[in-house]
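Trainee: File follows, coords_24.cif with mmCIF, C-alpha atoms:
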```cif
data_input
loop_
_atom_site.label_atom_id
_atom_site.label_comp_id
_atom_site.auth_asym_id
_atom_site.auth_seq_id
_atom_site.Cartn_x
_atom_site.Cartn_y
_atom_site.Cartn_z
CA MET A 1271 79.76 312.48 46.64
CA GLU A 1272 81.73 314.80 48.90
CA THR A 1273 84.36 314.31 51.58
CA ASN A 1274 84.42 316.34 54.80
CA VAL A 1275 87.39 317.45 56.90
CA THR A 1276 87.50 314.19 58.86
CA ASN A 1277 87.87 312.19 55.65
CA ILE A 1278 84.40 310.70 55.86
CA ILE A 1279 82.77 310.15 52.48
CA ILE A 1280 79.19 311.44 52.47
CA GLU A 1281 76.43 310.49 50.05
CA LYS A 1282 73.20 312.27 50.87
CA VAL A 1283 69.70 311.00 50.13
CA LYS A 1284 67.99 312.51 47.10
CA LYS A 1285 64.77 313.03 49.09
CA SER A 1286 64.31 312.85 52.85
CA ARG A 1287 61.63 310.59 54.37
CA ILE A 1288 61.23 312.82 57.43
CA SER A 1289 57.87 314.25 56.29
CA GLU A 1290 56.40 310.73 56.42
CA VAL A 1291 57.12 310.31 60.14
CA ASP A 1292 54.61 311.01 62.92
CA PHE A 1293 56.93 312.42 65.58
CA SER A 1294 54.08 312.65 68.08
CA ASN A 1295 53.60 308.87 68.06
CA LEU A 1296 57.03 307.24 67.81
CA PRO A 1297 57.59 303.55 68.57
CA PHE A 1298 60.97 302.52 69.94
CA GLY A 1299 63.59 301.64 67.34
CA LYS A 1300 61.30 300.94 64.37
CA VAL A 1301 61.58 304.18 62.38
CA HIS A 1302 64.99 304.92 60.87
CA SER A 1303 66.56 308.20 59.84
CA ASP A 1304 67.74 309.00 56.32
CA HIS A 1305 71.42 308.08 56.64
CA MET A 1306 73.72 305.54 58.24
CA LEU A 1307 77.46 305.26 58.70
CA VAL A 1308 79.37 302.21 57.48
CA CYS A 1309 83.07 301.35 57.69
CA ASP A 1310 84.71 298.14 56.46
CA PHE A 1311 87.61 296.19 57.93
CA ARG A 1312 89.59 294.36 55.27
CA ASP A 1313 93.22 293.63 54.40
CA GLY A 1314 94.05 294.01 58.09
CA ALA A 1315 92.83 297.61 58.49
CA TRP A 1316 89.74 299.73 58.97
CA GLN A 1317 88.95 301.64 55.78
CA THR A 1318 87.56 305.14 55.16
CA PRO A 1319 84.12 305.48 56.79
CA ARG A 1320 81.14 306.41 54.61
CA ILE A 1321 77.79 307.99 55.36
CA VAL A 1322 75.20 306.71 52.90
CA PRO A 1323 71.39 306.59 52.58
CA TYR A 1324 69.80 304.08 54.98
CA GLN A 1325 69.46 300.84 53.02
CA GLY A 1326 69.62 297.08 53.13
CA ILE A 1327 72.90 295.18 52.94
CA THR A 1328 73.96 292.06 51.05
CA LEU A 1329 76.09 289.35 52.64
CA ASP A 1330 77.51 286.01 51.56
CA PRO A 1331 75.51 283.10 53.07
CA SER A 1332 78.74 281.87 54.68
CA ALA A 1333 79.49 285.23 56.34
CA LYS A 1334 80.71 284.27 59.81
CA ILE A 1335 78.17 286.43 61.62
CA PHE A 1336 75.54 283.85 60.62
CA HIS A 1337 77.52 280.87 61.88
CA TYR A 1338 79.71 281.97 64.78
CA GLY A 1339 77.94 285.05 66.11
CA GLN A 1340 80.75 287.59 66.03
CA SER A 1341 78.81 290.77 66.76
CA VAL A 1342 78.92 293.56 69.32
CA PHE A 1343 76.89 296.73 69.69
CA GLU A 1344 76.26 299.85 71.74
CA GLY A 1345 73.15 301.82 72.64
CA MET A 1346 73.20 305.62 72.77
CA LYS A 1347 70.85 308.59 72.43
CA ALA A 1348 70.94 312.12 71.05
CA TYR A 1349 68.80 314.77 72.75
CA LYS A 1350 67.54 318.14 71.56
CA ASP A 1351 67.17 321.00 74.03
CA ALA A 1352 64.74 323.92 74.01
CA GLN A 1353 67.18 326.02 71.96
CA GLY A 1354 67.48 323.34 69.27
CA LYS A 1355 70.98 322.21 70.24
CA VAL A 1356 71.73 318.49 70.02
CA TRP A 1357 73.62 316.64 72.75
CA LEU A 1358 75.07 313.20 73.42
CA PHE A 1359 75.56 311.66 76.86
CA ARG A 1360 79.00 310.26 77.73
CA PRO A 1361 79.80 308.98 74.19
CA GLU A 1362 83.43 308.28 75.09
CA GLU A 1363 82.20 305.56 77.47
CA ASN A 1364 80.36 303.85 74.62
CA GLN A 1365 83.43 304.08 72.40
CA LYS A 1366 85.64 302.48 75.04
CA ARG A 1367 83.14 299.74 75.83
CA LEU A 1368 82.64 298.86 72.15
CA ASN A 1369 86.34 298.03 71.95
CA ILE A 1370 86.27 296.10 75.23
CA SER A 1371 83.43 294.01 73.79
CA SER A 1372 85.18 293.65 70.42
CA LYS A 1373 88.40 292.40 71.99
CA ARG A 1374 86.53 289.65 73.86
CA ILE A 1375 84.85 288.45 70.63
CA SER A 1376 88.11 288.68 68.59
CA ILE A 1377 86.86 291.60 66.51
CA PRO A 1378 89.52 294.17 65.54
CA GLU A 1379 89.29 297.24 67.76
CA LEU A 1380 87.87 300.32 66.07
CA PRO A 1381 89.98 303.51 66.08
CA ARG A 1382 88.54 306.16 68.38
CA GLU A 1383 88.45 308.80 65.62
CA ILE A 1384 86.31 306.61 63.35
CA PHE A 1385 83.77 306.14 66.13
CA MET A 1386 83.73 309.70 67.49
CA ASP A 1387 84.13 311.63 64.22
CA GLY A 1388 81.74 309.31 62.42
CA LEU A 1389 79.15 309.60 65.20
CA LYS A 1390 79.34 313.40 65.35
CA THR A 1391 79.22 313.82 61.56
CA LEU A 1392 76.24 311.48 61.24
CA ILE A 1393 74.25 313.19 64.01
CA GLN A 1394 75.00 316.62 62.56
CA LEU A 1395 73.57 315.40 59.26
CA GLU A 1396 70.51 313.88 60.99
CA LYS A 1397 69.86 316.71 63.46
CA ASP A 1398 66.32 317.27 62.16
CA TRP A 1399 65.54 313.66 63.08
CA VAL A 1400 66.14 314.30 66.78
CA PRO A 1401 62.59 314.51 68.19
CA THR A 1402 61.42 317.10 70.72
CA THR A 1403 58.34 315.32 72.13
CA PRO A 1404 58.80 314.87 75.91
CA GLY A 1405 60.52 311.54 76.66
CA SER A 1406 61.64 311.03 73.08
CA SER A 1407 65.17 311.01 71.64
CA LEU A 1408 67.19 309.84 68.66
CA TYR A 1409 68.25 306.31 69.57
CA ILE A 1410 71.69 305.49 68.14
CA ARG A 1411 72.91 301.96 67.48
CA PRO A 1412 76.62 301.47 66.68
CA PHE A 1413 77.46 297.83 65.90
CA ILE A 1414 80.15 295.62 64.39
CA PHE A 1415 79.75 292.18 62.89
CA ALA A 1416 81.78 289.59 60.98
CA SER A 1417 81.14 289.94 57.24
CA GLY A 1418 84.04 287.76 56.08
CA ALA A 1419 82.91 284.50 54.47
CA GLY A 1420 83.93 280.97 55.38
CA LEU A 1421 82.67 277.98 57.36
CA HIS A 1422 85.87 277.39 59.32
CA ALA A 1423 85.29 277.98 63.04
CA SER A 1424 87.68 280.91 63.44
CA PRO A 1425 87.55 284.71 63.52
CA ALA A 1426 86.57 286.39 60.26
CA ASP A 1427 88.99 288.39 58.11
CA GLN A 1428 86.44 291.09 57.27
CA TYR A 1429 84.05 293.12 59.45
CA LYS A 1430 81.54 295.93 59.08
CA PHE A 1431 80.93 298.79 61.49
CA PHE A 1432 77.59 300.59 61.26
CA ILE A 1433 75.84 303.41 63.05
CA VAL A 1434 72.09 303.61 62.46
CA CYS A 1435 69.62 306.02 64.09
CA ALA A 1436 65.98 305.71 65.09
CA PRO A 1437 63.83 308.56 66.42
CA SER A 1438 62.08 306.88 69.34
CA GLY A 1439 59.58 307.34 72.10
CA PRO A 1440 59.98 305.84 75.61
CA TYR A 1441 61.23 302.24 75.84
CA PHE A 1442 59.04 301.24 78.78
CA SER A 1443 55.94 302.93 80.13
CA GLY A 1444 55.07 302.42 83.77
CA LYS A 1445 56.48 299.93 86.26
CA VAL A 1446 57.40 296.33 85.54
CA LYS A 1447 56.88 293.15 87.52
CA VAL A 1448 59.85 290.78 87.50
CA LEU A 1449 60.54 287.11 88.17
CA ILE A 1450 63.74 286.08 89.91
CA GLU A 1451 65.30 283.43 87.67
CA GLU A 1452 66.85 280.34 89.27
CA LYS A 1453 67.18 277.88 86.39
CA TYR A 1454 68.58 279.79 83.42
CA SER A 1455 71.71 281.94 83.56
CA ARG A 1456 72.54 285.05 81.58
CA ALA A 1457 76.32 284.65 81.85
CA ALA A 1458 79.10 282.71 83.59
CA ASN A 1459 82.54 283.43 85.03
CA GLY A 1460 85.10 283.67 82.26
CA GLY A 1461 82.35 284.21 79.69
CA VAL A 1462 81.17 287.24 77.74
CA GLY A 1463 78.54 288.67 80.07
CA PHE A 1464 80.49 291.92 80.48
CA ALA A 1465 80.50 292.47 76.70
CA LYS A 1466 77.62 293.87 74.67
CA ALA A 1467 77.63 290.83 72.42
CA GLY A 1468 74.52 290.03 70.42
CA GLY A 1469 74.40 286.44 71.67
CA ASN A 1470 74.02 287.58 75.27
CA TYR A 1471 70.66 289.06 74.40
CA ALA A 1472 69.52 286.16 72.23
CA GLY A 1473 70.06 283.86 75.20
CA GLN A 1474 67.75 286.00 77.34
CA PHE A 1475 64.72 285.81 75.10
CA TYR A 1476 63.50 282.30 75.94
CA PRO A 1477 63.61 282.60 79.77
CA THR A 1478 61.98 286.02 79.47
CA GLN A 1479 59.16 284.57 77.37
CA LEU A 1480 58.59 281.91 80.03
CA ALA A 1481 58.36 284.66 82.65
CA ILE A 1482 55.89 286.62 80.50
CA GLN A 1483 53.68 283.54 80.27
CA LYS A 1484 53.57 283.53 84.08
CA GLY A 1485 52.45 287.17 84.23
CA TYR A 1486 55.76 288.99 84.61
CA GLN A 1487 57.36 291.47 82.21
CA GLN A 1488 61.02 290.72 82.88
CA VAL A 1489 63.41 288.43 84.75
CA VAL A 1490 66.02 289.23 87.35
CA TRP A 1491 69.14 287.21 86.60
CA THR A 1492 71.01 285.51 89.42
CA ASP A 1493 74.57 284.19 89.56
CA ASP A 1494 75.19 281.07 87.47
CA ASN A 1495 76.77 279.06 90.28
CA THR A 1496 74.42 279.23 93.26
CA HIS A 1497 71.57 281.50 92.06
CA GLU A 1498 71.81 283.18 95.47
CA TYR A 1499 72.69 286.67 94.28
CA ILE A 1500 70.81 289.06 91.97
CA GLU A 1501 72.87 290.41 89.07
CA GLU A 1502 70.88 292.15 86.32
CA ALA A 1503 67.25 292.97 85.50
CA GLY A 1504 66.50 291.82 81.96
CA ALA A 1505 68.94 293.76 79.78
CA MET A 1506 69.56 296.39 82.47
CA ASN A 1507 71.69 296.80 85.58
CA ILE A 1508 69.68 296.52 88.78
CA PHE A 1509 69.43 298.73 91.86
CA VAL A 1510 67.75 297.97 95.20
CA ARG A 1511 66.86 300.39 97.98
CA ILE A 1512 66.74 298.97 101.49
CA ASN A 1513 65.75 301.67 103.98
CA ASP A 1514 67.68 304.67 102.64
CA THR A 1515 70.65 302.79 101.17
CA LEU A 1516 70.95 302.10 97.45
CA LEU A 1517 72.53 298.74 96.57
CA THR A 1518 73.84 297.46 93.25
CA SER A 1519 75.91 294.49 92.20
CA PRO A 1520 79.61 294.98 91.36
CA VAL A 1521 80.57 294.55 87.71
CA SER A 1522 82.29 291.30 86.81
CA ASP A 1523 82.76 288.83 83.95
CA ARG A 1524 78.99 288.35 84.15
CA ILE A 1525 77.72 291.90 84.55
CA LEU A 1526 77.79 294.75 82.03
CA ASP A 1527 79.54 297.95 83.08
CA GLY A 1528 76.55 300.14 82.23
CA VAL A 1529 76.96 303.84 81.45
CA THR A 1530 73.63 304.63 83.13
CA ARG A 1531 74.62 302.47 86.11
CA LYS A 1532 77.80 304.49 86.65
CA SER A 1533 75.86 307.73 86.26
CA VAL A 1534 73.23 306.68 88.82
CA ILE A 1535 75.94 305.83 91.35
CA ASP A 1536 77.74 309.16 90.87
CA ILE A 1537 74.56 311.25 91.03
CA ALA A 1538 73.22 309.39 94.07
CA ARG A 1539 76.46 309.92 95.96
CA SER A 1540 76.52 313.61 94.95
CA GLU A 1541 73.06 313.96 96.52
CA GLY A 1542 74.19 312.37 99.78
CA ILE A 1543 72.43 309.05 99.16
CA SER A 1544 74.24 306.10 100.71
CA VAL A 1545 75.36 303.72 97.92
CA GLU A 1546 76.81 300.25 98.45
CA VAL A 1547 78.31 298.33 95.52
CA ARG A 1548 78.18 294.74 96.75
CA LYS A 1549 76.58 291.38 96.20
CA VAL A 1550 72.89 291.29 97.09
CA ARG A 1551 71.32 287.99 98.12
CA VAL A 1552 67.83 287.06 96.98
CA GLU A 1553 67.05 286.13 100.58
CA GLU A 1554 68.04 289.67 101.63
CA LEU A 1555 65.37 291.01 99.25
CA VAL A 1556 62.74 288.61 100.55
CA SER A 1557 63.57 289.38 104.18
CA ALA A 1558 63.56 293.16 103.54
CA SER A 1559 60.22 292.91 101.74
CA LYS A 1560 58.68 291.00 104.63
CA SER A 1561 60.00 293.51 107.18
CA GLY A 1562 58.94 296.54 105.13
CA THR A 1563 62.49 297.86 104.68
CA LEU A 1564 62.60 297.10 100.92
CA LYS A 1565 61.57 300.44 99.47
CA GLU A 1566 62.49 300.26 95.77
CA MET A 1567 63.94 298.21 92.95
CA PHE A 1568 64.70 299.55 89.48
CA GLY A 1569 66.61 298.75 86.33
CA ALA A 1570 69.07 301.22 84.78
CA GLY A 1571 70.10 301.33 81.13
CA THR A 1572 70.33 303.59 78.10
CA ALA A 1573 67.01 302.67 76.49
CA ALA A 1574 64.71 303.24 79.48
CA VAL A 1575 67.16 305.27 81.65
CA ILE A 1576 65.46 304.02 84.83
CA SER A 1577 62.68 301.44 84.87
CA PRO A 1578 60.91 301.11 88.26
CA ILE A 1579 59.96 297.62 89.44
CA SER A 1580 56.55 297.20 91.08
CA GLY A 1581 57.22 293.77 92.57
CA PHE A 1582 59.03 290.48 92.15
CA GLY A 1583 58.17 286.82 92.13
CA PHE A 1584 60.30 284.19 93.86
CA ARG A 1585 59.53 280.49 94.33
CA GLY A 1586 55.81 280.89 93.80
CA THR A 1587 55.33 283.97 95.98
CA ASP A 1588 54.88 287.54 94.80
CA TYR A 1589 56.34 290.43 96.77
CA THR A 1590 54.95 293.93 96.17
CA LEU A 1591 56.98 297.09 96.56
CA PRO A 1592 55.48 300.26 98.06
CA ASP A 1593 54.42 303.10 95.77
CA LEU A 1594 56.58 305.98 96.99
CA GLU A 1595 55.78 309.61 96.27
CA ASP A 1596 59.42 310.79 96.28
CA SER A 1597 61.31 307.71 95.08
CA TYR A 1598 65.02 307.49 94.41
CA ALA A 1599 64.13 306.17 90.96
CA SER A 1600 62.15 309.28 89.99
CA ARG A 1601 64.70 311.67 91.54
CA LEU A 1602 67.67 310.03 89.84
CA LYS A 1603 65.92 309.73 86.50
CA LYS A 1604 65.06 313.43 86.58
CA ARG A 1605 68.65 314.37 87.42
CA ILE A 1606 70.02 312.28 84.55
CA THR A 1607 67.45 313.36 81.95
CA ASP A 1608 67.79 317.03 82.95
CA ILE A 1609 71.50 316.75 82.17
CA GLN A 1610 70.83 314.88 78.94
CA TYR A 1611 68.30 317.43 77.66
CA ASN A 1612 70.40 320.41 78.84
CA LYS A 1613 67.77 321.47 81.38
CA ALA A 1614 70.23 321.59 84.28
CA GLU A 1615 73.89 322.13 85.08
CA ASP A 1616 76.24 319.27 84.26
CA PRO A 1617 78.78 319.20 87.12
CA PHE A 1618 80.20 315.89 85.87
CA GLY A 1619 81.08 317.01 82.34
CA TRP A 1620 79.00 314.24 80.76
CA ARG A 1621 77.14 316.29 78.15
CA PHE A 1622 78.68 316.35 74.65
CA GLU A 1623 77.52 319.05 72.22
CA VAL A 1624 77.01 317.85 68.67
CA VAL A 1625 75.47 320.82 66.93
#
```
Please express the file's structure as structure tokens.
Mentor:
Amino acid sequence: METNVTNIIIEKVKKSRISEVDFSNLPFGKVHSDHMLVCDFRDGAWQTPRIVPYQGITLDPSAKIFHYGQSVFEGMKAYKDAQGKVWLFRPEENQKRLNISSKRISIPELPREIFMDGLKTLIQLEKDWVPTTPGSSLYIRPFIFASGAGLHASPADQYKFFIVCAPSGPYFSGKVKVLIEEKYSRAANGGVGFAKAGGNYAGQFYPTQLAIQKGYQQVVWTDDNTHEYIEEAGAMNIFVRINDTLLTSPVSDRILDGVTRKSVIDIARSEGISVEVRKVRVEELVSASKSGTLKEMFGAGTAAVISPISGFGFRGTDYTLPDLEDSYASRLKKRITDIQYNKAEDPFGWRFEVV
């Protein structure tokens, strides 16, 4: 073993698996790179992080993650440009949000240097795993969970922080058709909807499966109280274009403060697009669709960047969106991905060079 300047212990694999991977045909999140980062919290403090070969882990059956769901995560990507340089996109935002999520779930906050130094060191080691096929990237999953054992309903005394990497192709291909959900809720006021907690996503699976059975690919979540207002699209923030104005819901206890969401808003405004951050009623969507003023809907998130919506279902009626040649969705996605892949200037200072 060797230790680098940031005091991260590194154990390299004896033989890389990279030659076994078909980089021209990558699924999303199923192929893992050679190494992972792990850091333990015990005795009241985060310990020295380690980079080790990707491997399984062993936990006590009474580890509190299994019983009380203490887990949070982030989603990030590394991109390789035409010159072979590797970049991250706004990693400081992910670091901050991981701690916001952790605090809400009573997980000890992770020091910034463990996250940032660990992330950079790991990606430098895995740089050959960053794919170059158009639309592909190295998906990065930092996560923390309760590893301390015990069946008492209380926060654990031990935790594990991991970063694992997966060379991946596109998350979605093509447009999706969504169902506006009026029975099930993703989150409630005072709850954990703003946190990237694992349980938030588990609770989405069943309603989404019901929507799939009806011929839709995703659901649009509405507010838990009245179900009058749209809030998120599946696991993504949602944007709506009525005439030439882009609308998106304000963040709250129920809505995740998405990194891509913030980027879309900033880029749109820099291009002179009118953006309104306000509540959007379902009836406003229906009325705009009927009048022909509803031009676009799309989800925004790290995995897919921007996922266009072809239409939505509401109370037994389907509403189809027009197929625009020069859509806001395609323009904004190109602006973001051009920054991410170092194909264009970055006036916002979002790009972070790794190696």
Trainee: For Lys1390 in chain A, find every residue with an atom within 10 Å (counting all atoms listed in the file), except residues of its own chain fewer than 4 positions away, and show them as JSON, numbers by chain.
Mentor: {"A": [1357, 1358, 1361, 1384, 1385, 1386, 1394, 1395, 1396, 1622, 1623, 1624, 1625]}
Trainee: Counting only C-alpha atoms, which residue out of A:Val1510, A:Lys1532, A:Val1448, A:Glu1281 sits closest to Tyr1589 in chain A?
Mentor: A:Val1448
Trainee: Going by the chain IDs and residue numbers used in this file, which residues fall under the PyMOL selection byres ((chain A and resi 1375) around 9)? Write them as a list of chain:residue names.
Mentor: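 Here the PyMOL selection byres ((chain A and resi 1375) around 9) matches A:Gly1339, A:Gln1340, A:Ser1341, A:Val1342, A:Ser1371, A:Ser1372, A:Lys1373, A:Arg1374, A:Ser1376, A:Ile1377, A:Pro1378, A:Pro1425, A:Val1462, A:Ala1465, A:Ala1467.
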Trainee: Take the residues that were just selected and, keeping C-alpha atoms, output them as a PDB file, keeping the file's coordinate frame.
Mentor:
```pdb
ATOM      1  CA  GLY A1339      77.940 285.050  66.110  1.00  0.00           C
ATOM      2  CA  GLN A1340      80.750 287.590  66.030  1.00  0.00           C
ATOM      3  CA  SER A1341      78.810 290.770  66.760  1.00  0.00           C
ATOM      4  CA  VAL A1342      78.920 293.560  69.320  1.00  0.00           C
ATOM      5  CA  SER A1371      83.430 294.010  73.790  1.00  0.00           C
ATOM      6  CA  SER A1372      85.180 293.650  70.420  1.00  0.00           C
ATOM      7  CA  LYS A1373      88.400 292.400  71.990  1.00  0.00           C
ATOM      8  CA  ARG A1374      86.530 289.650  73.860  1.00  0.00           C
ATOM      9  CA  SER A1376      88.110 288.680  68.590  1.00  0.00           C
ATOM     10  CA  ILE A1377      86.860 291.600  66.510  1.00  0.00           C
ATOM     11  CA  PRO A1378      89.520 294.170  65.540  1.00  0.00           C
ATOM     12  CA  PRO A1425      87.550 284.710  63.520  1.00  0.00           C
ATOM     13  CA  VAL A1462      81.170 287.240  77.740  1.00  0.00           C
ATOM     14  CA  ALA A1465      80.500 292.470  76.700  1.00  0.00           C
ATOM     15  CA  ALA A1467      77.630 290.830  72.420  1.00  0.00           C
TER      16      ALA A1467
END
```
Trainee: Give me the residues of range 1321-1421 of chain A that have any atom at most 9 Å from an atom of range 1428-1437 of chain A; for each, the nearest atom pair and the distance in Å, rounded to one decimal. Use only C-alpha atoms, sort by chain and number, and format it as JSON lines.
Mentor:
```
{"residue": "A:Tyr1324", "atom": "CA", "partner": "A:Val1434", "partner_atom": "CA", "distance": 7.8}
{"residue": "A:Lys1347", "atom": "CA", "partner": "A:Cys1435", "partner_atom": "CA", "distance": 8.8}
{"residue": "A:Ile1377", "atom": "CA", "partner": "A:Tyr1429", "partner_atom": "CA", "distance": 7.7}
{"residue": "A:Pro1378", "atom": "CA", "partner": "A:Tyr1429", "partner_atom": "CA", "distance": 8.3}
{"residue": "A:Leu1380", "atom": "CA", "partner": "A:Phe1431", "partner_atom": "CA", "distance": 8.5}
{"residue": "A:Phe1385", "atom": "CA", "partner": "A:Ile1433", "partner_atom": "CA", "distance": 8.9}
{"residue": "A:Gly1388", "atom": "CA", "partner": "A:Ile1433", "partner_atom": "CA", "distance": 8.4}
{"residue": "A:Leu1389", "atom": "CA", "partner": "A:Ile1433", "partner_atom": "CA", "distance": 7.3}
{"residue": "A:Leu1392", "atom": "CA", "partner": "A:Ile1433", "partner_atom": "CA", "distance": 8.3}
{"residue": "A:Ile1393", "atom": "CA", "partner": "A:Cys1435", "partner_atom": "CA", "distance": 8.5}
{"residue": "A:Glu1396", "atom": "CA", "partner": "A:Cys1435", "partner_atom": "CA", "distance": 8.5}
{"residue": "A:Trp1399", "atom": "CA", "partner": "A:Pro1437", "partner_atom": "CA", "distance": 6.3}
{"residue": "A:Val1400", "atom": "CA", "partner": "A:Pro1437", "partner_atom": "CA", "distance": 6.2}
{"residue": "A:Pro1401", "atom": "CA", "partner": "A:Pro1437", "partner_atom": "CA", "distance": 6.3}
{"residue": "A:Ser1406", "atom": "CA", "partner": "A:Pro1437", "partner_atom": "CA", "distance": 7.4}
{"residue": "A:Ser1407", "atom": "CA", "partner": "A:Pro1437", "partner_atom": "CA", "distance": 5.9}
{"residue": "A:Leu1408", "atom": "CA", "partner": "A:Pro1437", "partner_atom": "CA", "distance": 4.2}
{"residue": "A:Tyr1409", "atom": "CA", "partner": "A:Ala1436", "partner_atom": "CA", "distance": 5.1}
{"residue": "A:Ile1410", "atom": "CA", "partner": "A:Cys1435", "partner_atom": "CA", "distance": 4.6}
{"residue": "A:Arg1411", "atom": "CA", "partner": "A:Val1434", "partner_atom": "CA", "distance": 5.3}
{"residue": "A:Pro1412", "atom": "CA", "partner": "A:Ile1433", "partner_atom": "CA", "distance": 4.2}
{"residue": "A:Phe1413", "atom": "CA", "partner": "A:Phe1432", "partner_atom": "CA", "distance": 5.4}
{"residue": "A:Ile1414", "atom": "CA", "partner": "A:Phe1431", "partner_atom": "CA", "distance": 4.4}
{"residue": "A:Phe1415", "atom": "CA", "partner": "A:Tyr1429", "partner_atom": "CA", "distance": 5.6}
{"residue": "A:Ala1416", "atom": "CA", "partner": "A:Tyr1429", "partner_atom": "CA", "distance": 4.5}
{"residue": "A:Ser1417", "atom": "CA", "partner": "A:Tyr1429", "partner_atom": "CA", "distance": 4.8}
{"residue": "A:Gly1418", "atom": "CA", "partner": "A:Gln1428", "partner_atom": "CA", "distance": 4.3}
{"residue": "A:Ala1419", "atom": "CA", "partner": "A:Gln1428", "partner_atom": "CA", "distance": 8.0}
```
Trainee: Restricting the calculation to all atoms listed in the file, which member of A:Asp1523, A:Asp1330, A:Asp1493, A:Glu1452 is positioned closest to Phe1584 in chain A?
Mentor: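 Result for the nearest residue to Phe1584 in chain A: A:Glu1452.
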Trainee: List every protein, DNA or RNA residue that has at least one atom no more than 7 Å from (61.1, 302.5, 64.6) in the file's coordinates, counting only C-alpha atoms, and write the result as a PDB file with C-alpha atoms, keeping the file's coordinate frame.
Mentor:
```
ATOM      1  CA  PRO A1297      57.590 303.550  68.570  1.00  0.00           C
ATOM      2  CA  PHE A1298      60.970 302.520  69.940  1.00  0.00           C
ATOM      3  CA  GLY A1299      63.590 301.640  67.340  1.00  0.00           C
ATOM      4  CA  LYS A1300      61.300 300.940  64.370  1.00  0.00           C
ATOM      5  CA  VAL A1301      61.580 304.180  62.380  1.00  0.00           C
ATOM      6  CA  HIS A1302      64.990 304.920  60.870  1.00  0.00           C
ATOM      7  CA  ALA A1436      65.980 305.710  65.090  1.00  0.00           C
ATOM      8  CA  PRO A1437      63.830 308.560  66.420  1.00  0.00           C
ATOM      9  CA  SER A1438      62.080 306.880  69.340  1.00  0.00           C
TER      10      SER A1438
END
```
Trainee: Evaluate the PyMOL selection byres ((chain A and resi 1360) around 10) here and jot the selected residues down as a ChimeraX atom specification.
Mentor: /A:1346-1347,1357-1359,1361-1365,1529-1530,1533,1610,1618-1622
Trainee: For CA of Phe1343 in chain A and CA of Gln1488 in chain A, quote the distance in Å rounded to one decimal.
Mentor: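 Between CA of Phe1343 in chain A and CA of Gln1488 in chain A the gap is 21.5 Å.
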Trainee: Quote the spacing between CA of Ile1579 in chain A and CA of Leu1591 in chain A in Å to one decimal place.
Mentor: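 Value for the CA of Ile1579 in chain A-CA of Leu1591 in chain A distance: 7.7 Å.
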Trainee: Would you please work out which residue, of A:Ile1525, A:Ala1352, A:Val1291, A:Cys1309, is nearest to Asn1612 in chain A when using all atoms listed in the file?
Mentor: A:Ala1352
Trainee: Have a look at A:Ile1576, A:Leu1564, A:Val1534, A:Ala1570 and name the one nearest to Asp1593 in chain A; count all atoms listed in the file.
Mentor: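 That would be A:Leu1564, the residue with the smallest distance to Asp1593 in chain A.
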Trainee: What would the list of residues within 6 Å of (61.4, 306.2, 76.7) (file frame) look like as a list of chain:residue names, if all atoms listed in the file are what count?
Mentor: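 Selection result: A:Gly1405, A:Gly1439, A:Pro1440, A:Tyr1441, A:Phe1442, A:Ala1574.
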Trainee: Provide the CA of Arg1605 in chain A to CA of Gly1354 in chain A distance in Å, to one decimal place.
Mentor: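 Going from CA of Arg1605 in chain A over to CA of Gly1354 in chain A, I get 20.3 Å.
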Trainee: Would you mind telling me which residue in A:Ser1289, A:Asn1495, A:Ser1577, A:Gln1325 lies nearest to Phe1509 in chain A when using only C-alpha atoms?
Mentor: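 Closest to Phe1509 in chain A, using only C-alpha atoms: A:Ser1577.
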Trainee: Restricting the calculation to all atoms listed in the file: of A:Ser1424, A:Gly1469, A:Gly1583, A:Ile1512, which residue gets closest to Gln1487 in chain A?
Mentor: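 Distance minimum relative to Gln1487 in chain A lands on A:Gly1583.
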Trainee: Could you name the residues that touch Arg1367 in chain A at 9 Å or less, counting only C-alpha atoms, but leaving out those on the same chain fewer than 6 positions away, as an MDAnalysis selection string?
Mentor: chainID A and resid 1344 1465:1466 1527
Trainee: Find the residues around Lys1565 in chain A up to 12 Å (only C-alpha atoms counted), leave out those fewer than 5 positions away in its own chain, and share them as a list in words.
Mentor: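 So, after excluding close chain neighbours, the residues are Phe1509, Val1510, Arg1511, Ile1512, Asn1513, Asp1514, Thr1515, Leu1516, Leu1517, Leu1555, Val1556, Ala1558, Ser1559, Lys1560, Pro1578, Ile1579, Ser1580, Gly1581, Tyr1589, Thr1590, Leu1591, Pro1592, Asp1593, Leu1594, Glu1595, Asp1596, Ser1597, Tyr1598 and Ala1599 of chain A.
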Trainee: Can you pull out the residues contacting range 1478-1484 of chain A? Cut-off 9 Å, using all atoms listed in the file, and skip same-chain residues under 5 positions away; I want them as a list of chain:residue names.
Mentor: A:Val1448, A:Leu1449, A:Glu1451, A:Val1489, A:Gly1504
